[in-house]
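Comments concern the structure below.
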Amino acid sequence: MSMLPSSRNLVLMVAVLGLAGCASSSTWGWYVINPATDTGWTNIRFLINGMGATILISVIAALMSMSFGLIVALPGLSSRWYIRAINRVYVEFIRAIPLLPMLFWVFYGLPIIFKSMGLDIPIDPFWGAIITLAVSDSAFTAEIYRAGIQSIARGQTEAAQTVGLNYLQTMRYVILPQAIRRILPPLANQFIYIVKMSAFASVIGMQELTRRANELVVTEYRPLEIYSLLILEYLVLVLVISAAVRWLERRMGSDERN
Amino acid sequence: MNLSAFPDKAQVDIWPIGQCGGVMAEIAIEMIDVNKWFGDFHVLKDINLKVSLGERVVICGPSGSGKSTVVRCINRLERHQKGVIKVNGSEVTDQPEDLGGDVGMVFQQFNLFPHLSVLENLVLGPMKSRGLSRIEAEDRAAEYLERVKIPEQADKRPGQLSGGQQQRVAIARSLCMEPKVMLFDEPTSALDPEMISEVLDVMVELAEEGMTMVVVTHEMGFARKIADQMVFMDEGEIVETGAPAAFFEAPKSKRCRKFLSQILSH
Ligand SMILES: Nc1ncnc2c1ncn2[C@@H]1O[C@H](COP(=O)(O)OP(=O)(O)O)[C@@H](O)[C@H]1O
Ligand SMILES: [Mg+2]
């Protein structure tokens with residue numbers, strides 16, 4: 001870990017690059033997002049206002065992926081091969097589809113299927129992005145759950161059954177509370193992955209961070225500064241999530257020990 | 001089993017079951033021609049075993065002879081492929097929870113829930129499966145913790161207890177379901193020698209209170225003390241059964257004699 005730049009160093013690096021830019025104004029044109037000027041301030045507000053959509057899409061997609069992943073993981077734990085097959089087919093199939101084609105398929109293709117079924121369900125960029133991210137990610141969260149649950153010794157399930165717990169009660173009260181400590185770190189990874197992949201929502205017109213940056217680049221023609229700020233925005237988001245997860249892990253860790 | 005040697009048990013055996021009509025012996029567990037395979041491996045061969053209500057059966061035999069598998073078939077942790085297993089009069093299904101905690105089980109490795117306190121370990125089954133309120137369940141838990149002589153450990157985590165204490169908690173956890181039958185699979189095999197007796201003492205008391213028990217163990221002193229029926233298994237078969245006196249003094253089969261001489265010699 002000590003070999004990697006800490007979050008503090010990363011922020012410092014960006015700041016140094018920025019200062020270097022101010023010094024040689026032919027390479028850099030920070031005026032475009034200079035908060036001291038009116039246009040600069042307006043531009044910054046325009047860019048940062050995309051944050052809400054990025055967060056909302058990511059959080060909803062992550063919650064859906066976590067619940068959906070669990071539902072997909074459970075048949076993967078069955079002793080019957082044909083029930084396990086449901087899990088395998090889903091995971092292998094969904095995992096193989098690149099995000100962007102799936103996004104196009106959901107946004108442009110799915111409404112046609114709905115229409116052919118006589119349903120009038122419009123898919124807007126917001127829900128199109130969420131559905132795609134959630135489904136795509138659920139193949140990965142399903143694998144995370146499955147591995148986490150399988151890491152709990154079989155004797156736990158057996159003991160739960162001998163005190164009369166049914167399958168769902170065994171999961172709810174015995175297996176998942178123990179597995180969650182092993183599931184949480186990789187699940188947090190997936191959440192960060194979703195935040196970053198939500199940038200794809202820009203291509204179907206969702207007004208999130210990346211879309212706004214693109215639009216501003218088109219009018220201001222200052223890609224270096226605007227995309228630098230864009231990267232900084234994602235960086236801040238991800239670092240906040242990481243800190244939150246570490247806090248959660250510490251809390252659960254101390255819970256385990258006492 | 002040889003009922004005539006145990007007139008008190010024979011009496012129990014002739015009570016009719018509830019109002020179902022018909023005079024039947026009250027049989028807690030019945031295995032009829034039970035066969036089981038793990039893939040190609042024939043692990044149980046024509047197992048026939050009858051355990052009456054209130055009876056104590058001790059199963060012994062060399063490692064790998066199928067003792068655990070017999071016990072695990074009774075409480076549906078394993079499924080058999082041929083034959084019939086009846087528990088409390090009805091044929092078992094493949095759903096372990098259908099036994100509804102009526103068959104208690106004590107494992108060699110305790111299998112306590114490490115993330116829950118001792119008390120929570122004990123109340124989980126009664127509350128979720130039996131529908132008891134928390135107060136009822138905790139009262140019951142306190143009572144059984146008293147019975148296994150560790151009332152003061154209720155708030156600790158299993159990991160903070162010694163092996164002997166953990167196994168007694170496991171016994172209490174099973175008893176909290178008020179099962180009709182208790183199964184023990186080598187309950188003292190994972191324990192340090194100095195802790196074995198504290199667990200066996202609890203089991204002896206349980207036997208004296210009339211609990212129906214099937215115990216897999218190599219503790220032959222204990223077996224002699226509590227068993228109504230001894231069962232010797234080897235290579236997936238029940239080779240010999242009998243009352244402890246006859247079983248230990250004059251084992252009929254060569255395999256059983258050899259096993260007993262090995263196990264009693266040290
Ligand atoms: N899940 C399983 N799959 C395959 N073989 C098994 C399984 N469980 C037990 N066995 C085999 O079945 C035989 C009997 O096992 P077991 O009932 O545990 O014996 P015991 O309790 O008498 O030592 C052993 O040879 C063991 O290796
Ligand atoms: Mg065994």
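Ligands are numbered from 1 in the order shown, chains are lettered A, B, ... in the order of the structure tokens, and residues start at 1 in each chain.
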**OP:** Enumerate as number ranges by chain the residues belonging to chain A that approach chain B to within 12 Å, with only C-alpha atoms taken into account.
**Re:** A: 79, 152-170, 172-181, 252-258
Original post:
Hey, what's within 7 Å of stretch 222-224 of chain B if we count only C-alpha atoms and toss same-chain stuff fewer than 3 positions away? As a list in words, please?
Top reply: Val58, Glu219, Ala227 and Pro244 of chain B
Grab the residues selected above and save them as an mmCIF file, in the first residue's frame with all heavy atoms.
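Done, and the output landed in result_7.cif:
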data_model
loop_
_atom_site.group_PDB
_atom_site.id
_atom_site.type_symbol
_atom_site.label_atom_id
_atom_site.label_comp_id
_atom_site.auth_asym_id
_atom_site.auth_seq_id
_atom_site.Cartn_x
_atom_site.Cartn_y
_atom_site.Cartn_z
ATOM 1 N N VAL B 58 -26.136 -46.330 21.631
ATOM 2 C CA VAL B 58 -24.779 -45.862 21.364
ATOM 3 C C VAL B 58 -24.242 -46.601 20.151
ATOM 4 O O VAL B 58 -24.307 -47.833 20.081
ATOM 5 C CB VAL B 58 -23.853 -46.083 22.578
ATOM 6 C CG1 VAL B 58 -22.391 -45.826 22.190
ATOM 7 C CG2 VAL B 58 -24.262 -45.158 23.725
ATOM 8 N N GLU B 219 -16.371 -43.303 23.764
ATOM 9 C CA GLU B 219 -16.239 -43.292 25.221
ATOM 10 C C GLU B 219 -16.992 -44.490 25.780
ATOM 11 O O GLU B 219 -18.190 -44.424 26.069
ATOM 12 C CB GLU B 219 -16.810 -41.983 25.793
ATOM 13 C CG GLU B 219 -16.070 -40.737 25.358
ATOM 14 C CD GLU B 219 -14.661 -40.676 25.931
ATOM 15 O OE1 GLU B 219 -14.435 -41.235 27.037
ATOM 16 O OE2 GLU B 219 -13.773 -40.085 25.281
ATOM 17 N N ALA B 227 -26.130 -46.708 27.965
ATOM 18 C CA ALA B 227 -26.745 -47.320 26.782
ATOM 19 C C ALA B 227 -27.768 -48.386 27.147
ATOM 20 O O ALA B 227 -27.582 -49.165 28.082
ATOM 21 C CB ALA B 227 -25.666 -47.928 25.889
ATOM 22 N N PRO B 244 -25.683 -53.564 26.541
ATOM 23 C CA PRO B 244 -24.273 -53.332 26.830
ATOM 24 C C PRO B 244 -23.586 -54.494 27.549
ATOM 25 O O PRO B 244 -22.442 -54.808 27.222
ATOM 26 C CB PRO B 244 -24.276 -52.069 27.692
ATOM 27 C CG PRO B 244 -25.661 -51.595 27.772
ATOM 28 C CD PRO B 244 -26.546 -52.484 26.989
#
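Summary of the local environment: counting only C-alpha atoms, residues at most 7 Å from B:Ser52, other than itself and those fewer than 5 positions away along its chain, are Asp13, Glu26, Ile27, Ala28 and Ile29 of chain B.
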Subject >> ligand 2 neighbours within 12 Å using only C-alpha atoms and all ligand atoms, as a PyMOL selection string >> reply: chain B and resi 59-72+107-109+184-190+215-218+233+236
Selection: 10 Å around B:Asp192, only C-alpha atoms, excl. self and same-chain fewer than 5 positions, as a short mmCIF file (atom, residue, chain, number, x, y, z; two decimals) with all heavy atoms, in the first residue's frame:
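Here's the written file out-v8.cif:
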data_model
loop_
_atom_site.label_atom_id
_atom_site.label_comp_id
_atom_site.auth_asym_id
_atom_site.auth_seq_id
_atom_site.Cartn_x
_atom_site.Cartn_y
_atom_site.Cartn_z
N SER B 162 -14.23 -22.13 26.51
CA SER B 162 -13.41 -23.33 26.27
C SER B 162 -14.22 -24.33 25.44
O SER B 162 -15.43 -24.20 25.29
CB SER B 162 -13.04 -23.96 27.61
OG SER B 162 -14.17 -24.59 28.17
N GLY B 163 -13.52 -25.32 24.91
CA GLY B 163 -14.20 -26.32 24.09
C GLY B 163 -15.32 -27.02 24.83
O GLY B 163 -16.41 -27.22 24.30
N GLY B 164 -15.05 -27.39 26.07
CA GLY B 164 -16.07 -28.08 26.86
C GLY B 164 -17.29 -27.21 27.08
O GLY B 164 -18.44 -27.67 27.00
#
